[in-house]
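Containing mmCIF, C-alpha atoms: run_14.cif.
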```
data_start
#
loop_
_atom_site.label_atom_id
_atom_site.label_comp_id
_atom_site.auth_asym_id
_atom_site.auth_seq_id
_atom_site.Cartn_x
_atom_site.Cartn_y
_atom_site.Cartn_z
CA MET A 1 85.50 133.25 -47.98
CA PRO A 2 88.16 135.86 -48.78
CA VAL A 3 89.95 137.54 -45.89
CA GLU A 4 89.14 141.24 -45.92
CA TYR A 5 92.10 142.84 -44.21
CA GLN A 6 92.40 146.60 -44.37
CA HIS A 7 95.70 148.32 -43.70
CA ILE A 8 97.99 150.86 -45.37
CA SER A 9 101.69 150.60 -44.55
CA VAL A 10 103.15 153.97 -43.56
CA LEU A 11 106.33 155.64 -44.85
CA LYS A 12 106.71 152.94 -47.49
CA GLN A 13 108.62 155.09 -49.97
CA GLU A 14 110.93 156.43 -47.25
CA ILE A 15 111.67 152.86 -46.13
CA LEU A 16 112.69 151.90 -49.66
CA GLU A 17 114.89 154.98 -50.06
CA LEU A 18 116.70 154.44 -46.75
CA MET A 19 116.94 150.63 -46.74
CA LYS A 20 117.99 150.50 -50.42
CA PRO A 21 116.97 146.87 -51.13
CA GLN A 22 118.89 145.29 -54.03
CA PRO A 23 118.32 142.10 -56.06
CA GLY A 24 119.23 138.98 -54.08
CA GLN A 25 119.33 140.63 -50.67
CA HIS A 26 117.53 139.23 -47.64
CA PHE A 27 115.48 141.30 -45.17
CA ILE A 28 113.58 140.78 -41.92
CA ASP A 29 110.17 142.36 -41.38
CA GLY A 30 109.38 142.32 -37.66
CA THR A 31 105.69 143.09 -38.18
CA LEU A 32 104.21 141.69 -41.38
CA GLY A 33 100.76 143.24 -40.84
CA GLY A 34 99.10 143.96 -44.16
CA GLY A 35 102.29 143.00 -45.99
CA GLY A 36 102.93 146.41 -47.56
CA HIS A 37 106.57 146.82 -46.53
CA THR A 38 107.33 143.15 -47.23
CA GLU A 39 105.77 143.36 -50.69
CA SER A 40 107.89 146.40 -51.58
CA ILE A 41 111.05 144.67 -50.37
CA LEU A 42 110.27 141.47 -52.29
CA GLU A 43 109.67 143.49 -55.47
CA GLN A 44 113.02 145.26 -55.14
CA THR A 45 115.00 142.11 -54.23
CA SER A 46 113.69 140.04 -57.15
CA PRO A 47 114.46 137.47 -58.44
CA ASP A 48 115.87 135.60 -55.45
CA GLY A 49 115.86 137.93 -52.45
CA LYS A 50 113.94 136.74 -49.39
CA VAL A 51 112.02 138.15 -46.44
CA LEU A 52 111.67 136.56 -43.01
CA ALA A 53 108.50 138.08 -41.56
CA PHE A 54 107.05 137.93 -38.04
CA GLU A 55 103.36 138.29 -37.22
CA LEU A 56 101.13 137.42 -34.25
CA ASP A 57 97.75 138.16 -35.80
CA ASP A 58 96.08 135.19 -37.55
CA ARG A 59 93.98 137.46 -39.78
CA ALA A 60 97.05 139.38 -40.90
CA ILE A 61 98.90 136.18 -41.77
CA LYS A 62 95.98 134.83 -43.85
CA ALA A 63 95.61 138.13 -45.69
CA ALA A 64 99.36 138.50 -46.28
CA LYS A 65 99.63 134.97 -47.68
CA LYS A 66 96.92 135.81 -50.18
CA ARG A 67 98.40 139.19 -51.10
CA LEU A 68 101.93 137.84 -51.41
CA LYS A 69 101.09 134.52 -53.04
CA LYS A 70 103.34 135.12 -56.05
CA TYR A 71 106.28 135.61 -53.67
CA GLN A 72 105.58 132.55 -51.51
CA GLU A 73 108.85 130.86 -52.48
CA ARG A 74 110.79 133.86 -51.19
CA LEU A 75 108.74 134.59 -48.07
CA ILE A 76 109.12 132.89 -44.68
CA ILE A 77 106.34 133.77 -42.22
CA VAL A 78 106.84 133.11 -38.51
CA HIS A 79 103.70 133.13 -36.37
CA LYS A 80 105.48 134.68 -33.40
CA SER A 81 106.40 138.07 -31.97
CA TYR A 82 109.55 139.78 -33.22
CA VAL A 83 110.91 139.27 -29.71
CA HIS A 84 112.00 135.83 -31.05
CA LEU A 85 113.99 137.42 -33.91
CA LYS A 86 117.44 136.03 -33.08
CA GLN A 87 116.12 132.55 -32.26
CA GLU A 88 114.08 132.27 -35.46
CA PHE A 89 116.88 133.68 -37.62
CA LYS A 90 119.16 130.90 -36.36
CA LYS A 91 116.49 128.32 -37.20
CA HIS A 92 116.37 129.49 -40.81
CA THR A 93 120.07 130.00 -41.56
CA LYS A 94 120.06 127.24 -44.20
CA GLU A 95 117.59 129.07 -46.43
CA PHE A 96 118.05 132.60 -45.14
CA LYS A 97 121.36 134.49 -45.14
CA LYS A 98 122.43 137.51 -43.06
CA PRO A 99 119.83 140.26 -43.60
CA SER A 100 120.75 143.49 -45.36
CA GLY A 101 118.09 145.21 -43.31
CA ILE A 102 115.49 144.79 -40.57
CA ILE A 103 112.21 146.73 -40.40
CA LEU A 104 110.16 147.12 -37.23
CA ASP A 105 106.79 148.82 -37.69
CA LEU A 106 105.43 149.15 -34.16
CA GLY A 107 101.97 150.43 -35.02
CA LEU A 108 98.58 148.77 -34.82
CA SER A 109 97.01 147.84 -38.13
CA SER A 110 93.82 149.53 -39.29
CA ASP A 111 92.23 146.08 -39.31
CA GLN A 112 92.90 145.67 -35.59
CA LEU A 113 91.60 149.15 -34.80
CA ASP A 114 88.48 148.84 -36.93
CA ARG A 115 87.29 145.47 -35.63
CA ALA A 116 85.17 146.02 -32.52
CA ASP A 117 85.78 142.47 -31.26
CA ARG A 118 89.51 143.20 -30.84
CA GLY A 119 88.82 145.90 -28.24
CA PHE A 120 91.56 148.33 -29.29
CA SER A 121 89.32 151.30 -30.06
CA PHE A 122 87.31 153.32 -27.55
CA LYS A 123 84.97 154.32 -30.39
CA ASP A 124 83.40 150.84 -30.65
CA HIS A 125 81.21 148.59 -28.54
CA GLY A 126 83.19 145.37 -28.38
CA SER A 127 84.93 143.10 -25.89
CA LEU A 128 87.75 144.79 -23.96
CA ASP A 129 90.34 142.31 -25.21
CA MET A 130 93.38 143.99 -26.84
CA ARG A 131 95.45 140.84 -27.38
CA PHE A 132 97.55 140.79 -30.55
CA ASP A 133 97.42 136.98 -30.50
CA LYS A 134 94.03 135.81 -29.23
CA LYS A 135 95.07 132.15 -29.34
CA GLY A 136 98.49 132.37 -27.72
CA GLN A 137 97.89 135.09 -25.13
CA THR A 138 95.64 134.77 -22.08
CA LEU A 139 95.76 138.17 -20.35
CA THR A 140 93.17 140.68 -21.62
CA ALA A 141 92.61 144.36 -20.91
CA SER A 142 89.41 143.34 -19.16
CA ASP A 143 91.41 141.10 -16.79
CA ILE A 144 93.61 144.04 -15.86
CA ILE A 145 90.69 146.32 -15.02
CA LEU A 146 88.86 143.59 -13.11
CA THR A 147 91.72 142.02 -11.14
CA TRP A 148 94.86 144.13 -10.89
CA PRO A 149 95.52 145.96 -7.59
CA GLU A 150 95.39 149.73 -7.37
CA ASP A 151 99.17 150.25 -7.30
CA LYS A 152 99.66 148.26 -10.52
CA LEU A 153 96.88 150.18 -12.26
CA ILE A 154 98.47 153.47 -11.23
CA LYS A 155 101.85 152.23 -12.50
CA ILE A 156 100.66 151.27 -16.00
CA PHE A 157 98.48 154.37 -16.41
CA ARG A 158 101.40 156.58 -15.41
CA GLU A 159 104.22 154.78 -17.23
CA TYR A 160 102.46 153.44 -20.33
CA GLY A 161 99.83 156.11 -20.87
CA GLU A 162 101.40 159.13 -19.18
CA VAL A 163 97.95 159.70 -17.66
CA LYS A 164 97.96 162.75 -15.40
CA GLN A 165 95.11 161.51 -13.18
CA SER A 166 96.41 157.95 -12.76
CA LYS A 167 95.60 157.73 -9.02
CA ARG A 168 92.09 159.08 -9.44
CA LEU A 169 91.33 156.63 -12.24
CA ALA A 170 92.79 153.63 -10.40
CA LYS A 171 90.79 154.42 -7.25
CA GLY A 172 87.67 154.89 -9.33
CA PHE A 173 88.11 151.54 -11.08
CA ILE A 174 88.57 149.75 -7.74
CA LEU A 175 85.29 151.21 -6.42
CA TRP A 176 83.47 150.43 -9.68
CA ARG A 177 84.83 146.89 -9.60
CA GLN A 178 82.80 146.13 -6.44
CA THR A 179 79.51 146.51 -8.35
CA LEU A 180 80.85 144.39 -11.22
CA VAL A 181 81.68 141.51 -8.86
CA LYS A 182 78.04 141.40 -7.79
CA GLN A 183 77.03 141.26 -11.45
CA LYS A 184 79.62 138.52 -12.10
CA GLN A 185 81.17 140.41 -15.01
CA LYS A 186 84.05 138.56 -16.67
CA MET A 187 84.57 140.44 -19.92
CA LEU A 188 83.97 144.17 -20.06
CA LYS A 189 82.91 146.15 -23.12
CA THR A 190 84.98 149.00 -24.51
CA SER A 191 82.03 151.39 -24.40
CA MET A 192 81.45 150.52 -20.75
CA LEU A 193 85.05 151.39 -19.88
CA VAL A 194 84.80 154.71 -21.73
CA TYR A 195 81.61 155.55 -19.82
CA VAL A 196 83.29 154.81 -16.48
CA ILE A 197 86.42 156.81 -17.36
CA LEU A 198 84.25 159.85 -18.10
CA ARG A 199 82.27 159.33 -14.86
CA ILE A 200 85.45 159.08 -12.75
CA LEU A 201 86.90 162.21 -14.36
CA ASN A 202 83.55 164.00 -14.08
CA ILE A 203 83.35 164.68 -17.81
CA LYS A 204 79.98 164.79 -19.53
CA PRO A 205 79.85 162.75 -22.78
CA ASP A 206 78.62 165.72 -24.78
CA SER A 207 81.62 167.81 -23.70
CA VAL A 208 84.29 165.34 -24.92
CA LYS A 209 84.71 167.28 -28.18
CA ARG A 210 86.41 170.14 -26.37
CA PHE A 211 89.40 167.90 -25.58
CA ARG A 212 92.29 167.69 -28.07
CA LYS A 213 92.49 163.96 -27.31
CA HIS A 214 89.61 161.83 -26.09
CA PRO A 215 90.02 161.34 -22.30
CA ALA A 216 90.07 157.55 -22.81
CA THR A 217 92.93 157.58 -25.35
CA GLN A 218 95.83 157.23 -22.94
CA VAL A 219 94.05 154.71 -20.72
CA PHE A 220 93.42 152.47 -23.73
CA GLN A 221 97.06 152.90 -24.81
CA SER A 222 98.36 151.89 -21.38
CA LEU A 223 96.13 148.81 -21.27
CA ARG A 224 97.18 147.70 -24.76
CA ILE A 225 100.88 148.09 -23.92
CA ALA A 226 100.44 146.15 -20.68
CA VAL A 227 98.48 143.32 -22.31
CA ASN A 228 101.05 142.80 -25.06
CA GLY A 229 104.26 143.71 -23.22
CA GLU A 230 105.08 146.11 -26.05
CA LEU A 231 107.79 148.22 -24.42
CA ASP A 232 109.56 145.22 -22.90
CA ASN A 233 109.45 143.47 -26.27
CA LEU A 234 110.89 146.52 -28.02
CA GLN A 235 113.76 146.76 -25.55
CA SER A 236 114.40 143.05 -26.06
CA VAL A 237 114.40 143.04 -29.87
CA LEU A 238 116.68 146.04 -30.49
CA PRO A 239 119.93 144.35 -29.32
CA GLN A 240 118.89 141.15 -31.13
CA ALA A 241 118.53 143.09 -34.37
CA ILE A 242 121.97 144.66 -33.97
CA GLU A 243 123.52 141.24 -33.31
CA VAL A 244 121.88 139.64 -36.35
CA LEU A 245 122.76 142.45 -38.77
CA PRO A 246 126.09 142.28 -40.63
CA THR A 247 128.35 145.33 -41.05
CA GLY A 248 126.55 147.73 -43.38
CA GLY A 249 123.13 146.29 -42.52
CA ARG A 250 120.40 148.75 -41.59
CA LEU A 251 117.70 148.77 -38.93
CA ALA A 252 114.57 150.87 -39.46
CA VAL A 253 112.04 151.42 -36.67
CA ILE A 254 108.67 153.11 -37.12
CA SER A 255 107.09 154.10 -33.80
CA PHE A 256 103.76 155.78 -33.13
CA HIS A 257 104.00 157.36 -29.70
CA SER A 258 106.61 159.07 -27.55
CA LEU A 259 107.24 156.10 -25.24
CA GLU A 260 108.37 153.86 -28.11
CA ASP A 261 110.29 156.60 -29.89
CA ARG A 262 112.12 157.55 -26.67
CA ILE A 263 113.36 153.96 -26.26
CA VAL A 264 114.50 153.78 -29.89
CA LYS A 265 116.12 157.23 -29.91
CA ARG A 266 118.08 156.65 -26.71
CA TYR A 267 119.23 153.18 -27.76
CA PHE A 268 120.38 154.38 -31.18
CA LYS A 269 122.19 157.36 -29.64
CA LYS A 270 123.95 155.11 -27.13
CA LEU A 271 125.17 152.70 -29.83
CA ALA A 272 126.36 155.58 -32.02
CA GLN A 273 128.66 156.98 -29.32
CA ASN A 274 132.41 156.46 -29.42
CA CYS A 275 133.30 157.67 -25.93
CA ILE A 276 131.07 156.81 -22.96
CA CYS A 277 133.39 158.12 -20.24
CA PRO A 278 131.89 160.40 -17.58
CA PRO A 279 132.14 164.10 -18.53
CA THR A 280 134.49 164.61 -15.57
CA ASN A 281 137.19 162.36 -17.13
CA PRO A 282 140.01 164.56 -18.53
CA ILE A 283 140.83 161.94 -21.19
CA CYS A 284 138.96 159.01 -22.73
CA ASN A 285 139.91 155.63 -21.29
CA CYS A 286 136.76 153.61 -22.01
CA ASP A 287 137.97 152.15 -25.35
CA ASN A 288 134.36 152.16 -26.49
CA GLU A 289 133.69 152.20 -30.23
CA ALA A 290 130.44 153.12 -31.93
CA GLN A 291 128.50 150.08 -33.13
CA VAL A 292 126.24 152.01 -35.50
CA LYS A 293 125.92 155.28 -37.33
CA LEU A 294 122.73 157.30 -37.54
CA VAL A 295 121.39 157.26 -41.10
CA ASN A 296 118.94 160.05 -40.28
CA LYS A 297 119.89 162.30 -37.36
CA ARG A 298 116.40 163.75 -37.21
CA ALA A 299 113.28 161.63 -37.10
CA ILE A 300 111.44 161.26 -40.40
CA LYS A 301 107.70 161.86 -40.43
CA PRO A 302 105.05 161.31 -43.10
CA SER A 303 104.56 163.95 -45.76
CA GLN A 304 101.40 166.02 -45.77
CA ALA A 305 100.30 164.11 -48.86
CA GLU A 306 100.56 160.79 -47.00
CA ILE A 307 98.74 162.17 -43.96
CA THR A 308 95.95 163.44 -46.20
CA SER A 309 95.52 160.05 -47.87
CA ASN A 310 96.03 158.09 -44.64
CA PRO A 311 95.29 160.21 -41.52
CA ARG A 312 96.41 157.38 -39.22
CA SER A 313 99.97 157.85 -40.45
CA ARG A 314 100.23 161.30 -38.83
CA SER A 315 101.93 160.07 -35.63
CA ALA A 316 104.48 157.81 -37.34
CA ILE A 317 108.17 158.43 -36.56
CA LEU A 318 110.96 156.70 -38.52
CA ARG A 319 114.56 156.29 -37.33
CA VAL A 320 117.25 154.32 -39.21
CA ILE A 321 120.75 153.21 -38.22
CA GLU A 322 123.52 151.33 -40.02
CA LYS A 323 125.82 148.82 -38.32
CA VAL A 324 129.51 149.68 -38.59
#
```
Entire entry expressed as structure tokens:
Amino acid sequence: MPVEYQHISVLKQEILELMKPQPGQHFIDGTLGGGGHTESILEQTSPDGKVLAFELDDRAIKAAKKRLKKYQERLIIVHKSYVHLKQEFKKHTKEFKKPSGIILDLGLSSDQLDRADRGFSFKDHGSLDMRFDKKGQTLTASDIILTWPEDKLIKIFREYGEVKQSKRLAKGFILWRQTLVKQKQKMLKTSMLVYVILRILNIKPDSVKRFRKHPATQVFQSLRIAVNGELDNLQSVLPQAIEVLPTGGRLAVISFHSLEDRIVKRYFKKLAQNCICPPTNPICNCDNEAQVKLVNKRAIKPSQAEITSNPRSRSAILRVIEKV
């Protein structure tokens, strides 16, 4: 049976314009997903350029292998998170040279969002799972709701979802949990969690439309980030990418919410600084030199045409740096 995997890579043209892939160059794609960015890079680096691509999702890997079959001799797929970038690059140094660029697309794929059994969307009735890698990961979003203490729930809601009523929600979940224990619930449903969120916040289901964002949006975001360690992984991979890149190599990061973009923006700004002395120092004595230069000083966002054709691209933010 063919693998039906639906996803549209965002900012694809902008990536090509800023990364400038040339024949024979090698690139790293930190999130293979539907294979859109990798396919574009392989086309531009023909006839002998290569891509080392990372992906956790089995379905994505199967679909990408089919889509990119004609490039299979120039494509190395690693079934791991991009957090292993440096380690895997070293493993493949015989067939893969220093990359001219690294791309990190931090967004969820449409396939993950649209499959109820993955548990990423509050619009479906599926298992509250949210693991990127269902075989390799054990912790689920359901486990967090059912077992984590109140203080940890408050922490992830506040830090990962920027939820204003974190304490109220955490307390509500703890009380609700007592009835679930009696029912011996082990895996919650997404629709059940949405119902409880609305009950705790005293919001009637038919009044949800008046909110700019669905009240469950940020709770689901915080659970997904916690399950997959997304922010920790991002902070881990950025210095690895800089170390692996040669002088002149470029790093492009596409983020989809303010938490990710804040990490990327601050890290890029820090590396692009020459002097890091305190403002009170009359003269510079830190001897610090910038490691990168900002290719785009302002974040790049999708055009209106792209947003119209792919509404899910609307929150994408692209930042690119070049190693000096």
Interatomic distance, atom CA of His79 of chain A to atom CA of Lys135 of chain A (Å, one decimal): 11.2 Å
Nearest to Glu230 of chain A: which of A:Phe120, A:Trp148, A:Tyr71, A:Tyr82 is it, counting all atoms listed in the file? A:Tyr82
Residues around (83.5, 153.9, -13.7), cut-off 6 Å, counting only C-alpha atoms - what are they as number ranges by chain? A: 173, 176, 196-197, 199-200
Polymer residues at most 12 Å from segment 129-131 of chain A, all atoms listed in the file, same-chain spacing of 4 or more positions, as an MDAnalysis selection string: chainID A and resid 56:58 108 112:113 115:122 125 135:145 186:190 193 220:230
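When only C-alpha atoms are used to measure the gap to Asp124 of chain A, the shortest distance among A:Ser81, A:Thr179, A:Ser309, A:Ser191 belongs to A:Ser191.
Taking atom CA of Val292 of chain A and atom CA of Val324 of chain A as the two end points, the separation is 5.1 Å.
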Once the PyMOL selection byres ((chain A and resi 301) around 12) is applied to the coordinates I shared, what remains selected? I want it as a PyMOL selection string. chain A and resi 10-15+253-256+296+298-300+302-307+313-319
Enumerate, as number ranges by chain, the residues matched when the PyMOL selection byres ((chain A and resi 28) around 12) is run on the file above. A: 19, 21, 25-27, 29-32, 37-38, 41-42, 49-55, 74-78, 82, 85-86, 88-89, 92, 96-105, 241, 244-245, 249-253
Translate the PyMOL selection byres ((chain A and resi 288-290) around 8) into a concrete residue list for this structure, as a PyMOL selection string. chain A and resi 271-276+286-287+291-293+324
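Atom CA of Lys164 of chain A to atom CA of Gln218 of chain A spans 9.6 Å [interatomic distance, one decimal].
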Skipping near chain neighbours, those fewer than 3 positions away, what residues fall within 12 Å of Lys155 of chain A using only C-alpha atoms, listed as a ChimeraX atom specification? /A:148-152,158-167,169-170,219,222-223,226
Any idea what's packed within 9 Å of Gln235 of chain A, counting all atoms listed in the file, ignoring anything in its chain fewer than 5 positions away? Could you give it as a VMD selection string? chain A and resid 230 263 to 264 267
